[in-house]
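Asks: Data file protein_11.cif (mmCIF, C-alpha atoms (C1' of nucleotides)) is appended below.
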data_protein
loop_
_atom_site.label_atom_id
_atom_site.label_comp_id
_atom_site.auth_asym_id
_atom_site.auth_seq_id
_atom_site.Cartn_x
_atom_site.Cartn_y
_atom_site.Cartn_z
CA MET A 1 73.89 8.59 -24.86
CA SER A 2 72.24 10.60 -27.62
CA ASN A 3 71.04 14.09 -26.93
CA GLU A 4 67.38 13.05 -27.11
CA LEU A 5 67.77 10.25 -24.58
CA SER A 6 69.99 12.42 -22.45
CA GLY A 7 67.22 15.02 -22.47
CA GLU A 8 64.75 12.34 -21.45
CA MET A 9 66.88 11.42 -18.47
CA GLU A 10 67.22 15.04 -17.39
CA LYS A 11 63.46 15.41 -17.59
CA ARG A 12 62.95 12.21 -15.60
CA ILE A 13 65.35 13.45 -12.93
CA THR A 14 63.90 16.93 -12.65
CA GLU A 15 60.38 15.53 -12.39
CA ALA A 16 61.44 13.12 -9.66
CA ALA A 17 63.36 15.89 -7.92
CA THR A 18 60.31 18.14 -8.07
CA ARG A 19 58.12 15.55 -6.37
CA VAL A 20 60.70 14.86 -3.66
CA PHE A 21 61.64 18.50 -2.97
CA ILE A 22 57.99 19.50 -2.79
CA LYS A 23 57.16 16.71 -0.38
CA LYS A 24 60.18 17.00 1.90
CA GLY A 25 61.58 20.47 1.29
CA SER A 26 65.13 21.33 0.29
CA ALA A 27 66.69 20.53 3.67
CA GLY A 28 64.61 17.41 4.23
CA ALA A 29 65.24 15.82 0.84
CA SER A 30 68.37 13.78 0.19
CA MET A 31 69.97 13.01 -3.14
CA GLN A 32 69.29 9.34 -2.37
CA ASP A 33 65.56 10.09 -2.05
CA ILE A 34 65.61 11.71 -5.46
CA ALA A 35 67.61 8.91 -7.06
CA ASP A 36 65.17 6.36 -5.66
CA GLU A 37 62.20 8.35 -6.92
CA ALA A 38 63.76 8.53 -10.39
CA GLY A 39 64.71 4.85 -10.24
CA ILE A 40 68.39 5.48 -10.93
CA ASN A 41 71.69 5.18 -9.14
CA ARG A 42 72.46 8.09 -6.88
CA THR A 43 75.78 8.73 -8.60
CA LEU A 44 73.96 9.55 -11.82
CA LEU A 45 72.45 12.59 -10.19
CA ASN A 46 75.91 14.06 -9.78
CA TYR A 47 76.64 13.19 -13.37
CA TYR A 48 73.63 15.08 -14.73
CA PHE A 49 73.53 17.82 -12.10
CA ARG A 50 76.69 18.84 -10.37
CA ASN A 51 75.18 19.04 -6.89
CA LYS A 52 72.03 19.22 -4.84
CA GLU A 53 71.97 22.99 -4.77
CA LYS A 54 71.96 23.33 -8.56
CA LEU A 55 69.22 20.74 -8.87
CA PHE A 56 67.13 22.48 -6.25
CA GLU A 57 67.45 25.89 -7.85
CA LEU A 58 66.33 24.45 -11.16
CA VAL A 59 63.26 22.85 -9.56
CA PHE A 60 62.48 25.99 -7.58
CA ALA A 61 62.63 28.19 -10.68
CA LYS A 62 60.45 25.76 -12.63
CA VAL A 63 57.82 25.67 -9.88
CA THR A 64 57.67 29.39 -9.23
CA GLU A 65 57.42 30.43 -12.85
CA CYS A 66 54.16 28.44 -13.15
CA PHE A 67 52.45 31.27 -11.33
CA LEU A 68 53.51 34.14 -13.51
CA PRO A 69 52.53 33.86 -17.21
CA GLY A 70 48.81 33.31 -16.66
CA PHE A 71 48.58 36.12 -14.15
CA ILE A 72 50.52 38.61 -16.28
CA SER A 73 48.74 37.86 -19.55
CA THR A 74 45.33 38.05 -17.89
CA MET A 75 46.10 41.38 -16.25
CA ARG A 76 47.37 42.75 -19.56
CA SER A 77 44.43 41.49 -21.59
CA SER A 78 41.53 43.67 -22.72
CA MET A 79 38.99 41.86 -20.56
CA ASP A 80 36.54 43.57 -18.26
CA ILE A 81 38.14 44.01 -14.82
CA PHE A 82 35.73 41.58 -13.19
CA ASP A 83 36.46 38.99 -15.86
CA LYS A 84 40.16 39.45 -15.23
CA PHE A 85 39.68 38.55 -11.59
CA ARG A 86 37.43 35.60 -12.53
CA GLY A 87 40.09 34.49 -14.99
CA ILE A 88 42.84 34.67 -12.39
CA ILE A 89 40.75 32.62 -9.98
CA ASP A 90 40.24 29.99 -12.69
CA ILE A 91 43.89 29.90 -13.69
CA TYR A 92 45.12 29.52 -10.12
CA PHE A 93 42.48 26.99 -9.13
CA ASP A 94 43.44 24.85 -12.14
CA LEU A 95 47.11 25.16 -11.28
CA LEU A 96 46.64 24.53 -7.56
CA LEU A 97 44.23 21.62 -7.89
CA GLU A 98 46.90 20.01 -10.04
CA ASN A 99 49.74 21.02 -7.69
CA PRO A 100 48.31 21.66 -4.23
CA LEU A 101 51.66 21.66 -2.48
CA PHE A 102 53.32 24.36 -4.58
CA PRO A 103 52.40 27.27 -2.26
CA ILE A 104 53.72 25.62 0.90
CA PHE A 105 56.90 24.71 -0.91
CA ILE A 106 57.53 28.16 -2.38
CA ILE A 107 56.70 30.05 0.79
CA HIS A 108 58.82 27.85 3.02
CA GLU A 109 61.86 27.86 0.76
CA ILE A 110 61.80 31.61 0.31
CA SER A 111 61.46 32.01 4.04
CA ALA A 112 64.47 29.75 4.63
CA ASP A 113 66.53 31.52 1.96
CA PRO A 114 65.21 34.94 0.86
CA SER A 115 67.94 35.28 -1.76
CA LEU A 116 65.99 32.73 -3.83
CA LEU A 117 63.31 35.30 -4.53
CA ILE A 118 65.76 38.02 -5.40
CA LYS A 119 67.58 35.76 -7.87
CA LEU A 120 64.25 34.82 -9.39
CA MET A 121 63.04 38.37 -9.86
CA LYS A 122 66.25 39.30 -11.60
CA GLN A 123 66.12 36.22 -13.81
CA LYS A 124 62.50 36.72 -14.82
CA GLY A 125 62.71 40.50 -15.02
CA LEU A 126 59.90 40.96 -12.51
CA ASN A 127 59.30 44.57 -11.67
CA PRO A 128 57.28 45.47 -8.55
CA ASP A 129 56.40 48.91 -9.89
CA GLN A 130 55.03 47.47 -13.09
CA ILE A 131 52.83 45.02 -11.19
CA SER A 132 51.53 47.74 -8.87
CA GLN A 133 50.89 50.06 -11.80
CA THR A 134 48.91 47.46 -13.74
CA ILE A 135 46.67 46.96 -10.73
CA GLN A 136 46.35 50.66 -10.04
CA ASP A 137 45.27 51.31 -13.62
CA GLU A 138 42.50 48.80 -13.13
CA MET A 139 41.31 50.60 -10.02
CA LYS A 140 40.56 53.67 -12.12
CA SER A 141 37.84 52.01 -14.18
CA GLY A 142 35.41 53.21 -11.51
CA LYS A 143 33.62 49.90 -11.33
CA ILE A 144 35.15 48.92 -8.04
CA LYS A 145 35.42 50.48 -4.61
CA ASP A 146 38.34 52.76 -3.94
CA THR A 147 40.91 50.62 -2.12
CA ASP A 148 44.62 50.30 -1.66
CA PRO A 149 45.39 48.11 -4.68
CA ARG A 150 47.93 46.19 -2.66
CA ASN A 151 45.24 45.21 -0.16
CA LEU A 152 43.02 44.16 -3.02
CA MET A 153 45.72 41.91 -4.47
CA VAL A 154 46.62 40.45 -1.09
CA ASN A 155 42.92 39.68 -0.51
CA LEU A 156 42.54 38.00 -3.89
CA LEU A 157 45.70 35.93 -3.59
CA GLY A 158 45.00 35.01 0.03
CA LEU A 159 41.45 33.89 -0.72
CA ILE A 160 42.72 31.74 -3.57
CA ILE A 161 45.94 30.34 -2.16
CA PHE A 162 45.33 30.03 1.58
CA PRO A 163 42.99 27.02 1.36
CA PHE A 164 45.74 25.17 -0.49
CA ALA A 165 48.62 26.36 1.62
CA ALA A 166 46.78 25.58 4.85
CA ARG A 167 45.04 22.50 3.51
CA PRO A 168 46.48 20.08 6.07
CA LEU A 169 45.34 22.38 8.85
CA ILE A 170 41.87 22.95 7.43
CA GLU A 171 41.51 19.27 6.78
CA GLY A 172 42.34 18.48 10.38
CA LEU A 173 40.32 21.27 11.98
CA LEU A 174 37.20 21.23 9.81
CA PHE A 175 37.10 17.90 7.96
CA HIS A 176 38.22 15.07 10.24
CA ASN A 177 41.30 14.57 8.05
CA ASN A 178 39.08 13.41 5.20
CA SER A 179 41.10 14.55 2.19
CA GLY A 180 38.48 13.65 -0.41
CA TYR A 181 36.01 15.90 1.30
CA THR A 182 38.48 18.77 1.34
CA MET A 183 39.15 18.50 -2.37
CA GLU A 184 35.42 18.53 -3.08
CA PHE A 185 35.09 21.60 -0.87
CA ILE A 186 37.91 23.35 -2.70
CA GLU A 187 36.50 22.55 -6.14
CA ASN A 188 33.12 23.95 -5.08
CA ARG A 189 34.86 26.98 -3.65
CA ARG A 190 35.96 28.11 -7.10
CA GLU A 191 32.58 29.53 -8.21
CA TYR A 192 31.70 30.65 -4.69
CA LEU A 193 34.88 32.67 -4.55
CA LYS A 194 34.28 34.44 -7.88
CA GLU A 195 30.90 35.61 -6.61
CA TYR A 196 32.18 36.49 -3.13
CA PHE A 197 35.25 38.40 -4.24
CA ILE A 198 33.57 40.33 -7.07
CA GLU A 199 30.73 41.39 -4.78
CA SER A 200 33.18 42.46 -2.10
CA ILE A 201 34.87 44.96 -4.42
CA ARG A 202 31.93 46.12 -6.59
CA LYS A 203 31.10 49.78 -6.16
CA MET B 1 71.74 22.58 39.85
CA SER B 2 68.67 23.68 41.76
CA ASN B 3 65.26 23.17 40.28
CA GLU B 4 64.78 26.89 39.71
CA LEU B 5 68.00 27.29 37.78
CA SER B 6 67.38 24.05 35.94
CA GLY B 7 64.01 25.45 34.92
CA GLU B 8 65.77 28.60 33.71
CA MET B 9 68.05 26.54 31.51
CA GLU B 10 65.17 24.61 30.05
CA LYS B 11 63.40 27.85 29.23
CA ARG B 12 66.57 29.27 27.69
CA ILE B 13 66.94 26.17 25.55
CA THR B 14 63.34 26.00 24.38
CA GLU B 15 63.36 29.68 23.46
CA ALA B 16 66.57 29.25 21.49
CA ALA B 17 65.17 26.11 19.88
CA THR B 18 62.00 27.96 18.93
CA ARG B 19 63.94 30.68 17.14
CA VAL B 20 66.13 28.18 15.30
CA PHE B 21 63.37 25.75 14.34
CA ILE B 22 61.17 28.58 13.10
CA LYS B 23 63.95 30.04 11.01
CA LYS B 24 65.33 26.82 9.53
CA GLY B 25 62.58 24.26 9.94
CA SER B 26 62.87 20.91 11.65
CA ALA B 27 64.95 19.26 8.92
CA GLY B 28 67.15 22.32 8.34
CA ALA B 29 68.00 22.97 11.97
CA SER B 30 70.82 21.09 13.68
CA MET B 31 71.31 20.54 17.37
CA GLN B 32 74.55 22.50 17.01
CA ASP B 33 72.57 25.48 15.67
CA ILE B 34 70.33 25.35 18.72
CA ALA B 35 73.22 24.96 21.15
CA ASP B 36 74.98 27.96 19.57
CA GLU B 37 71.79 30.02 19.76
CA ALA B 38 71.41 29.12 23.46
CA GLY B 39 75.11 29.72 24.09
CA ILE B 40 75.73 26.29 25.55
CA ASN B 41 77.60 23.12 24.69
CA ARG B 42 75.79 20.86 22.30
CA THR B 43 75.99 17.92 24.68
CA LEU B 44 73.87 19.80 27.18
CA LEU B 45 70.95 19.65 24.82
CA ASN B 46 70.96 15.89 25.07
CA TYR B 47 71.18 16.21 28.83
CA TYR B 48 68.08 18.40 29.08
CA PHE B 49 66.15 16.94 26.17
CA ARG B 50 66.75 13.37 25.15
CA ASN B 51 66.85 14.06 21.42
CA LYS B 52 66.05 16.46 18.62
CA GLU B 53 62.63 14.96 17.93
CA LYS B 54 61.42 15.50 21.51
CA LEU B 55 62.69 19.04 21.51
CA PHE B 56 61.01 19.76 18.22
CA GLU B 57 57.67 18.35 19.30
CA LEU B 58 57.78 20.50 22.40
CA VAL B 59 58.46 23.63 20.36
CA PHE B 60 55.83 22.71 17.79
CA ALA B 61 53.17 22.18 20.46
CA LYS B 62 54.09 25.46 22.16
CA VAL B 63 53.85 27.39 18.90
CA THR B 64 50.60 25.88 17.66
CA GLU B 65 48.72 26.28 20.90
CA CYS B 66 49.22 30.07 20.70
CA PHE B 67 46.51 30.14 18.08
CA LEU B 68 43.78 28.35 19.96
CA PRO B 69 42.77 29.91 23.31
CA GLY B 70 42.02 33.39 21.95
CA PHE B 71 40.03 32.05 19.07
CA ILE B 72 38.00 29.62 21.17
CA SER B 73 37.22 32.03 23.99
CA THR B 74 36.20 34.75 21.54
CA MET B 75 33.91 32.44 19.62
CA ARG B 76 32.32 31.24 22.87
CA SER B 77 31.87 34.73 24.32
CA SER B 78 28.58 36.59 24.33
CA MET B 79 29.76 39.28 21.94
CA ASP B 80 27.90 40.41 18.86
CA ILE B 81 28.93 38.24 15.91
CA PHE B 82 30.60 41.16 14.13
CA ASP B 83 32.56 41.99 17.28
CA LYS B 84 33.66 38.39 17.52
CA PHE B 85 35.18 38.62 14.05
CA ARG B 86 36.77 41.99 14.87
CA GLY B 87 38.15 40.45 18.04
CA ILE B 88 39.63 37.50 16.20
CA ILE B 89 41.28 39.84 13.71
CA ASP B 90 42.80 41.81 16.58
CA ILE B 91 43.99 38.73 18.45
CA TYR B 92 45.64 37.23 15.41
CA PHE B 93 47.19 40.48 14.22
CA ASP B 94 48.72 40.98 17.66
CA LEU B 95 50.02 37.43 17.68
CA LEU B 96 51.31 37.51 14.10
CA LEU B 97 52.96 40.93 14.30
CA GLU B 98 54.87 39.54 17.25
CA ASN B 99 55.58 36.20 15.55
CA PRO B 100 55.32 36.67 11.79
CA LEU B 101 56.97 33.36 10.93
CA PHE B 102 54.65 31.10 12.92
CA PRO B 103 52.26 30.36 10.03
CA ILE B 104 54.98 29.34 7.58
CA PHE B 105 56.53 27.16 10.23
CA ILE B 106 53.32 25.41 11.24
CA ILE B 107 52.07 24.85 7.72
CA HIS B 108 55.37 23.50 6.45
CA GLU B 109 55.93 21.13 9.34
CA ILE B 110 52.41 19.71 9.18
CA SER B 111 52.84 19.25 5.46
CA ALA B 112 56.13 17.39 6.00
CA ASP B 113 54.63 15.24 8.75
CA PRO B 114 50.82 15.20 8.95
CA SER B 115 50.87 13.05 12.07
CA LEU B 116 51.94 16.18 13.97
CA LEU B 117 48.46 17.63 13.56
CA ILE B 118 46.72 14.44 14.57
CA LYS B 119 48.81 14.15 17.74
CA LEU B 120 48.08 17.76 18.52
CA MET B 121 44.33 17.47 18.11
CA LYS B 122 44.25 14.47 20.41
CA GLN B 123 46.44 16.23 22.99
CA LYS B 124 44.40 19.42 22.98
CA GLY B 125 41.04 17.71 22.64
CA LEU B 126 40.20 19.63 19.47
CA ASN B 127 36.96 18.52 17.93
CA PRO B 128 36.17 19.48 14.31
CA ASP B 129 32.44 19.05 14.83
CA GLN B 130 32.43 21.37 17.79
CA ILE B 131 34.28 24.07 15.83
CA SER B 132 31.95 23.75 12.84
CA GLN B 133 28.91 23.83 15.13
CA THR B 134 30.04 26.98 16.92
CA ILE B 135 30.41 28.72 13.59
CA GLN B 136 27.13 27.40 12.26
CA ASP B 137 25.29 28.65 15.32
CA GLU B 138 26.66 32.10 14.59
CA MET B 139 25.38 31.92 11.02
CA LYS B 140 21.80 31.63 12.33
CA SER B 141 21.79 35.06 13.92
CA GLY B 142 20.45 36.34 10.60
CA LYS B 143 22.80 39.30 10.53
CA ILE B 144 25.07 37.81 7.90
CA LYS B 145 24.60 36.38 4.45
CA ASP B 146 23.79 32.70 4.15
CA THR B 147 27.11 31.03 3.37
CA ASP B 148 28.85 27.74 3.88
CA PRO B 149 30.38 28.44 7.31
CA ARG B 150 33.55 26.64 6.28
CA ASN B 151 34.02 29.05 3.40
CA LEU B 152 33.46 31.94 5.77
CA MET B 153 36.12 30.67 8.17
CA VAL B 154 38.58 29.94 5.38
CA ASN B 155 38.04 33.47 4.06
CA LEU B 156 38.59 35.04 7.46
CA LEU B 157 41.69 33.02 8.28
CA GLY B 158 43.13 33.44 4.79
CA LEU B 159 42.65 37.21 4.82
CA ILE B 160 44.36 37.41 8.20
CA ILE B 161 47.15 34.86 7.85
CA PHE B 162 48.11 34.96 4.17
CA PRO B 163 49.89 38.35 4.29
CA PHE B 164 52.13 36.95 7.02
CA ALA B 165 52.64 33.51 5.51
CA ALA B 166 53.41 34.96 2.10
CA ARG B 167 55.21 38.01 3.42
CA PRO B 168 58.55 37.30 1.73
CA LEU B 169 56.72 36.93 -1.58
CA ILE B 170 54.59 40.03 -1.14
CA GLU B 171 57.61 41.97 -0.04
CA GLY B 172 59.49 40.98 -3.16
CA LEU B 173 56.63 41.40 -5.61
CA LEU B 174 55.00 44.55 -4.28
CA PHE B 175 57.48 46.29 -2.00
CA HIS B 176 60.98 46.10 -3.47
CA ASN B 177 62.03 43.88 -0.55
CA ASN B 178 61.54 46.80 1.81
CA SER B 179 60.54 45.00 5.00
CA GLY B 180 59.74 48.13 6.99
CA TYR B 181 57.23 49.16 4.40
CA THR B 182 55.60 45.74 4.52
CA MET B 183 55.20 45.89 8.29
CA GLU B 184 53.61 49.31 8.05
CA PHE B 185 51.29 48.00 5.36
CA ILE B 186 50.30 45.04 7.52
CA GLU B 187 49.67 47.18 10.59
CA ASN B 188 47.41 49.47 8.54
CA ARG B 189 45.69 46.43 7.11
CA ARG B 190 44.23 45.53 10.51
CA GLU B 191 41.47 48.15 10.51
CA TYR B 192 40.99 47.93 6.77
CA LEU B 193 40.37 44.20 7.08
CA LYS B 194 37.78 44.56 9.83
CA GLU B 195 35.78 46.88 7.61
CA TYR B 196 36.30 44.83 4.45
CA PHE B 197 35.46 41.47 5.98
CA ILE B 198 32.42 42.62 7.95
CA GLU B 199 30.96 44.37 4.90
CA SER B 200 31.56 41.31 2.75
CA ILE B 201 29.39 39.12 5.01
CA ARG B 202 26.74 41.60 6.18
CA LYS B 203 23.23 40.75 5.00
"C1'" DG C 1 76.54 6.72 -19.38
"C1'" DT C 2 76.32 3.84 -15.54
"C1'" DC C 3 78.05 1.45 -11.90
"C1'" DT C 4 81.08 0.24 -7.36
"C1'" DA C 5 83.96 1.87 -4.05
"C1'" DT C 6 85.46 5.33 -1.25
"C1'" DA C 7 86.89 9.93 0.63
"C1'" DT C 8 85.25 13.51 3.49
"C1'" DG C 9 82.50 15.86 6.53
"C1'" DG C 10 78.54 16.70 9.54
"C1'" DC C 11 75.15 15.22 12.72
"C1'" DG C 12 72.99 12.85 16.66
"C1'" DA C 13 73.85 10.49 20.67
"C1'" DT C 14 76.45 8.65 24.60
"C1'" DA C 15 80.43 7.42 27.78
"C1'" DG C 16 83.25 9.12 31.07
"C1'" DA C 17 86.15 12.71 33.41
"C1'" DC C 18 85.57 16.59 36.43
"C1'" DG D 1 75.58 20.00 35.49
"C1'" DT D 2 78.99 20.67 32.23
"C1'" DC D 3 82.66 19.49 29.46
"C1'" DT D 4 85.86 16.48 26.14
"C1'" DA D 5 86.28 12.64 23.44
"C1'" DT D 6 84.39 9.42 20.60
"C1'" DC D 7 81.26 6.18 18.16
"C1'" DG D 8 78.20 5.20 14.44
"C1'" DC D 9 75.49 6.81 10.91
"C1'" DC D 10 74.16 9.11 6.89
"C1'" DA D 11 74.85 12.45 3.22
"C1'" DT D 12 77.39 14.68 -0.50
"C1'" DA D 13 80.58 14.28 -3.84
"C1'" DT D 14 84.17 12.17 -6.64
"C1'" DA D 15 87.54 8.64 -8.54
"C1'" DG D 16 87.91 4.97 -11.39
"C1'" DA D 17 86.35 0.49 -13.56
"C1'" DC D 18 83.42 -1.06 -17.27
#
Can you dump the structure from the file as structure tokens?
Replies:
Amino acid sequence: MSNELSGEMEKRITEAATRVFIKKGSAGASMQDIADEAGINRTLLNYYFRNKEKLFELVFAKVTECFLPGFISTMRSSMDIFDKFRGIIDIYFDLLLENPLFPIFIIHEISADPSLLIKLMKQKGLNPDQISQTIQDEMKSGKIKDTDPRNLMVNLLGLIIFPFAARPLIEGLLFHNNSGYTMEFIENRREYLKEYFIESIRK
Amino acid sequence: MSNELSGEMEKRITEAATRVFIKKGSAGASMQDIADEAGINRTLLNYYFRNKEKLFELVFAKVTECFLPGFISTMRSSMDIFDKFRGIIDIYFDLLLENPLFPIFIIHEISADPSLLIKLMKQKGLNPDQISQTIQDEMKSGKIKDTDPRNLMVNLLGLIIFPFAARPLIEGLLFHNNSGYTMEFIENRREYLKEYFIESIRK
DNA sequence: GTCTATATGGCGATAGAC
DNA sequence: GTCTATCGCCATATAGAC
């Protein structure tokens, strides 16, 4: 098959694999599940991707790197610090409303195999010190309360991501398992959260 | 074997199963893994527990119900509303420092099989309306800002649970994979969070 | 490239000896 | 109660026809 069509098939497979892995997890998903989702013979998976592990690592890398560029470019921009945080909330809400299961997937897979994260950080050149430093620099603007920058980041990320990660729980405990209602709640939460978080750190 | 010793074996098995299921997840854990962890022959598992599914459901129920009694009794107590929130932070930090992987486990398993949550709510008689009402009553004390009580609860739970659920990520991104450092950070976060959360809702 | 057929191994579950 | 032996199933991966 030509390179273009071959590329199409690889895309079709990786997209199917992404849906299946995210729904069932690495251990819970079978190659047959993925073949069915892609509408192809299972043997073709081994033709395009040598084995399940390779396919999973590709999907995992693709999913995790969604979270980085927007965050990094916003933090490095020349925006006002409050606008940076508002921007990050917007970027992640857009991403998570589109892909609500990404956090559960990433967190669970890293927990099951911590080497995944280490590989990823080496691949993407992620540097913890650089991230901490960027945040710490922002603390010095004097506009916000003096806080451990790591606590500030954990707060921000937790307030954004937790409702998605724990969505099944929240849905069950607070919304009678009515998923439409939960999504409406989460969409409304976007502006609420900007106000709440900014006020909680303003000096 | 006598009932007492039989009970001992069941306890030994469920504790081993809990460790294995929490580490590998339901799909990733094999009965052989659990037998090895308990130091017994694999066949004995089927003697004491008919099958993997039953054993898993037992472990899942045991793990999830850890989170309820402390929360419910604190919310129903006669404490000041701020002390209730401080109490909940303490209860959950104690629980999560002891069992840091519980949140990842619960969230992932419910995501993989949402019927788990429904079964659980029926078993435990959990009522979403009752939970919402308890919180709403607290909002009327006038001490705290007027907020959607669901947002308030999501904030509180997210601020508490997220650092544990996302610990592998946070460790990698902010702490050079130094797990000791992360645990120290989380222990220090307890008092910080009480202050931060209370101030963020105070009228 | 895509399929059928199959090799190989692991897992869950049970029968039967002790 | 605890073990060995075994059955049946499903999953991964590959060989080979087309």
Asks: To one decimal place in Å, what is the distance between CA of Cys66 in chain B and CA of Gly87 in chain B?
Replies: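 Between these atoms lies a distance of 15.4 Å.
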Asks: Name the closest residue to chain B among the candidates C:DG12, C:DA7, C:DG1, C:DC18; distances are taken between atoms, counting only C-alpha atoms (C1' of nucleotides).
Replies: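 Ranked by minimum distance to chain B, first place goes to C:DG12.
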Asks: Pick out the closest residue to chain C from this set: B:Gly7, B:Gly28, B:Pro149, B:Gly125. Count only C-alpha atoms (C1' of nucleotides).
Replies: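 With only C-alpha atoms (C1' of nucleotides) as the atom set, the closest residue is B:Gly28.
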Asks: Tell me, in Å to one decimal, how far CA of Gly158 in chain A is from CA of Phe162 in chain B.
Replies: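 CA of Phe162 in chain B lies 5.2 Å from CA of Gly158 in chain A.
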Asks: Under the PyMOL selection byres ((chain B and resi 200) around 10), which residues of this model are included? Write them out as an NGL selection string.
Replies: (:A and (196-197 or 199-201)) or (:B and (144-145 or 194-199 or 201-203))
Asks: Write the residues of the selection above to a file with C-alpha atoms, as a compact mmCIF listing (two decimals), in the coordinates of the input.
Replies:
# COMPACT_ATOMS: atom_id res chain seq x y z
CA TYR A 196 32.18 36.49 -3.13
CA PHE A 197 35.25 38.40 -4.24
CA GLU A 199 30.73 41.39 -4.78
CA SER A 200 33.18 42.46 -2.10
CA ILE A 201 34.87 44.96 -4.42
CA ILE B 144 25.07 37.81 7.90
CA LYS B 145 24.60 36.38 4.45
CA LYS B 194 37.78 44.56 9.83
CA GLU B 195 35.78 46.88 7.61
CA TYR B 196 36.30 44.83 4.45
CA PHE B 197 35.46 41.47 5.98
CA ILE B 198 32.42 42.62 7.95
CA GLU B 199 30.96 44.37 4.90
CA ILE B 201 29.39 39.12 5.01
CA ARG B 202 26.74 41.60 6.18
CA LYS B 203 23.23 40.75 5.00
Asks: So that I can check the surroundings of DT4 in chain D, please list as an mmCIF file with C-alpha atoms (C1' of nucleotides), keeping the file's coordinate frame every protein, DNA and RNA residue that reaches within 12 Å of it, counting all atoms listed in the file and ignoring chain neighbours fewer than 6 positions away.
Replies:
data_model
loop_
_atom_site.group_PDB
_atom_site.id
_atom_site.type_symbol
_atom_site.label_atom_id
_atom_site.label_comp_id
_atom_site.auth_asym_id
_atom_site.auth_seq_id
_atom_site.Cartn_x
_atom_site.Cartn_y
_atom_site.Cartn_z
ATOM 1 C CA ASN B 41 77.600 23.120 24.690
ATOM 2 C CA ARG B 42 75.790 20.860 22.300
ATOM 3 C CA THR B 43 75.990 17.920 24.680
ATOM 4 C "C1'" DA C 15 80.430 7.420 27.780
ATOM 5 C "C1'" DG C 16 83.250 9.120 31.070
ATOM 6 C "C1'" DA C 17 86.150 12.710 33.410
ATOM 7 C "C1'" DC C 18 85.570 16.590 36.430
#
Asks: Please determine the contact residues of chain D with respect to chain B at a cut-off of 12 Å, counting all atoms listed in the file, and supply them as a list in words.
Replies: DG1, DT2, DC3, DT4 and DA5 of chain D
Asks: Between CA of Thr147 in chain A and CA of Phe67 in chain B, what distance in Å does the model show, to one decimal?
Replies: 29.3 Å
Asks: Might you pull out every residue within 12 Å of Leu173 in chain B, with only C-alpha atoms (C1' of nucleotides) counted and same-chain residues fewer than 5 positions away left off, and present them as a list of chain:residue names?
Replies: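 Close residues of Leu173 in chain B: A:Leu68, A:Leu117, A:Ile118, A:Leu120, A:Met121, A:Lys122, A:Lys124, A:Gly125, A:Leu126, A:Asn127, A:Pro128, A:Asp129, A:Gln130, A:Ile131, A:Ser132, A:Arg150, A:Met153, A:Val154, B:Ala166, B:Arg167, B:Pro168, B:Asn178, B:Ser179, B:Thr182.
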Asks: Using all atoms listed in the file, find the one residue out of B:Lys52, B:Arg19, B:Lys24, B:Arg76 that sits nearest to chain C.
Replies: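 With all atoms listed in the file as the atom set, the closest residue is B:Lys52.
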Asks: Provide as a PyMOL selection string the residues of chain B at most 9 Å from chain C, counting only C-alpha atoms (C1' of nucleotides).
Replies: chain B and resi 30-32+43+46+50-52
Asks: Which neighbours of range 88-94 of chain B fall inside 7 Å, counting all atoms listed in the file, when residues of the same chain fewer than 3 positions from it are skipped, and could you give them as a PyMOL selection string?
Replies: chain B and resi 70-71+74+84-85+97-98+160+190
Asks: Using only C-alpha atoms, which residue out of B:Ser73, B:Thr14, B:Ser78, B:Asn151 lies closest to chain A?
Replies: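 The shortest atom-to-atom distance to chain A comes from B:Asn151.
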Asks: Starting from the incomplete input, reconstruct N, CA and C atoms of range 158-166 of chain B and write that as a short mmCIF file (atom, residue, chain, number, x, y, z; two decimals), in the coordinates of the input.
Replies:
data_model
loop_
_atom_site.label_atom_id
_atom_site.label_comp_id
_atom_site.auth_asym_id
_atom_site.auth_seq_id
_atom_site.Cartn_x
_atom_site.Cartn_y
_atom_site.Cartn_z
N GLY B 158 42.25 33.14 5.93
CA GLY B 158 43.13 33.44 4.79
C GLY B 158 43.46 34.92 4.70
N LEU B 159 42.43 35.75 4.90
CA LEU B 159 42.65 37.21 4.82
C LEU B 159 43.57 37.69 5.93
N ILE B 160 43.49 37.03 7.08
CA ILE B 160 44.36 37.41 8.20
C ILE B 160 45.77 36.86 8.00
N ILE B 161 45.86 35.56 7.76
CA ILE B 161 47.15 34.86 7.85
C ILE B 161 47.99 34.98 6.59
N PHE B 162 47.34 34.99 5.42
CA PHE B 162 48.11 34.96 4.17
C PHE B 162 49.17 36.05 4.06
N PRO B 163 48.86 37.30 4.41
CA PRO B 163 49.89 38.35 4.29
C PRO B 163 51.14 38.04 5.11
N PHE B 164 50.96 37.32 6.22
CA PHE B 164 52.13 36.95 7.02
C PHE B 164 52.83 35.75 6.41
N ALA B 165 52.04 34.73 6.06
CA ALA B 165 52.64 33.51 5.51
C ALA B 165 53.39 33.82 4.21
N ALA B 166 52.81 34.68 3.40
CA ALA B 166 53.41 34.96 2.10
C ALA B 166 54.22 36.26 2.12
#
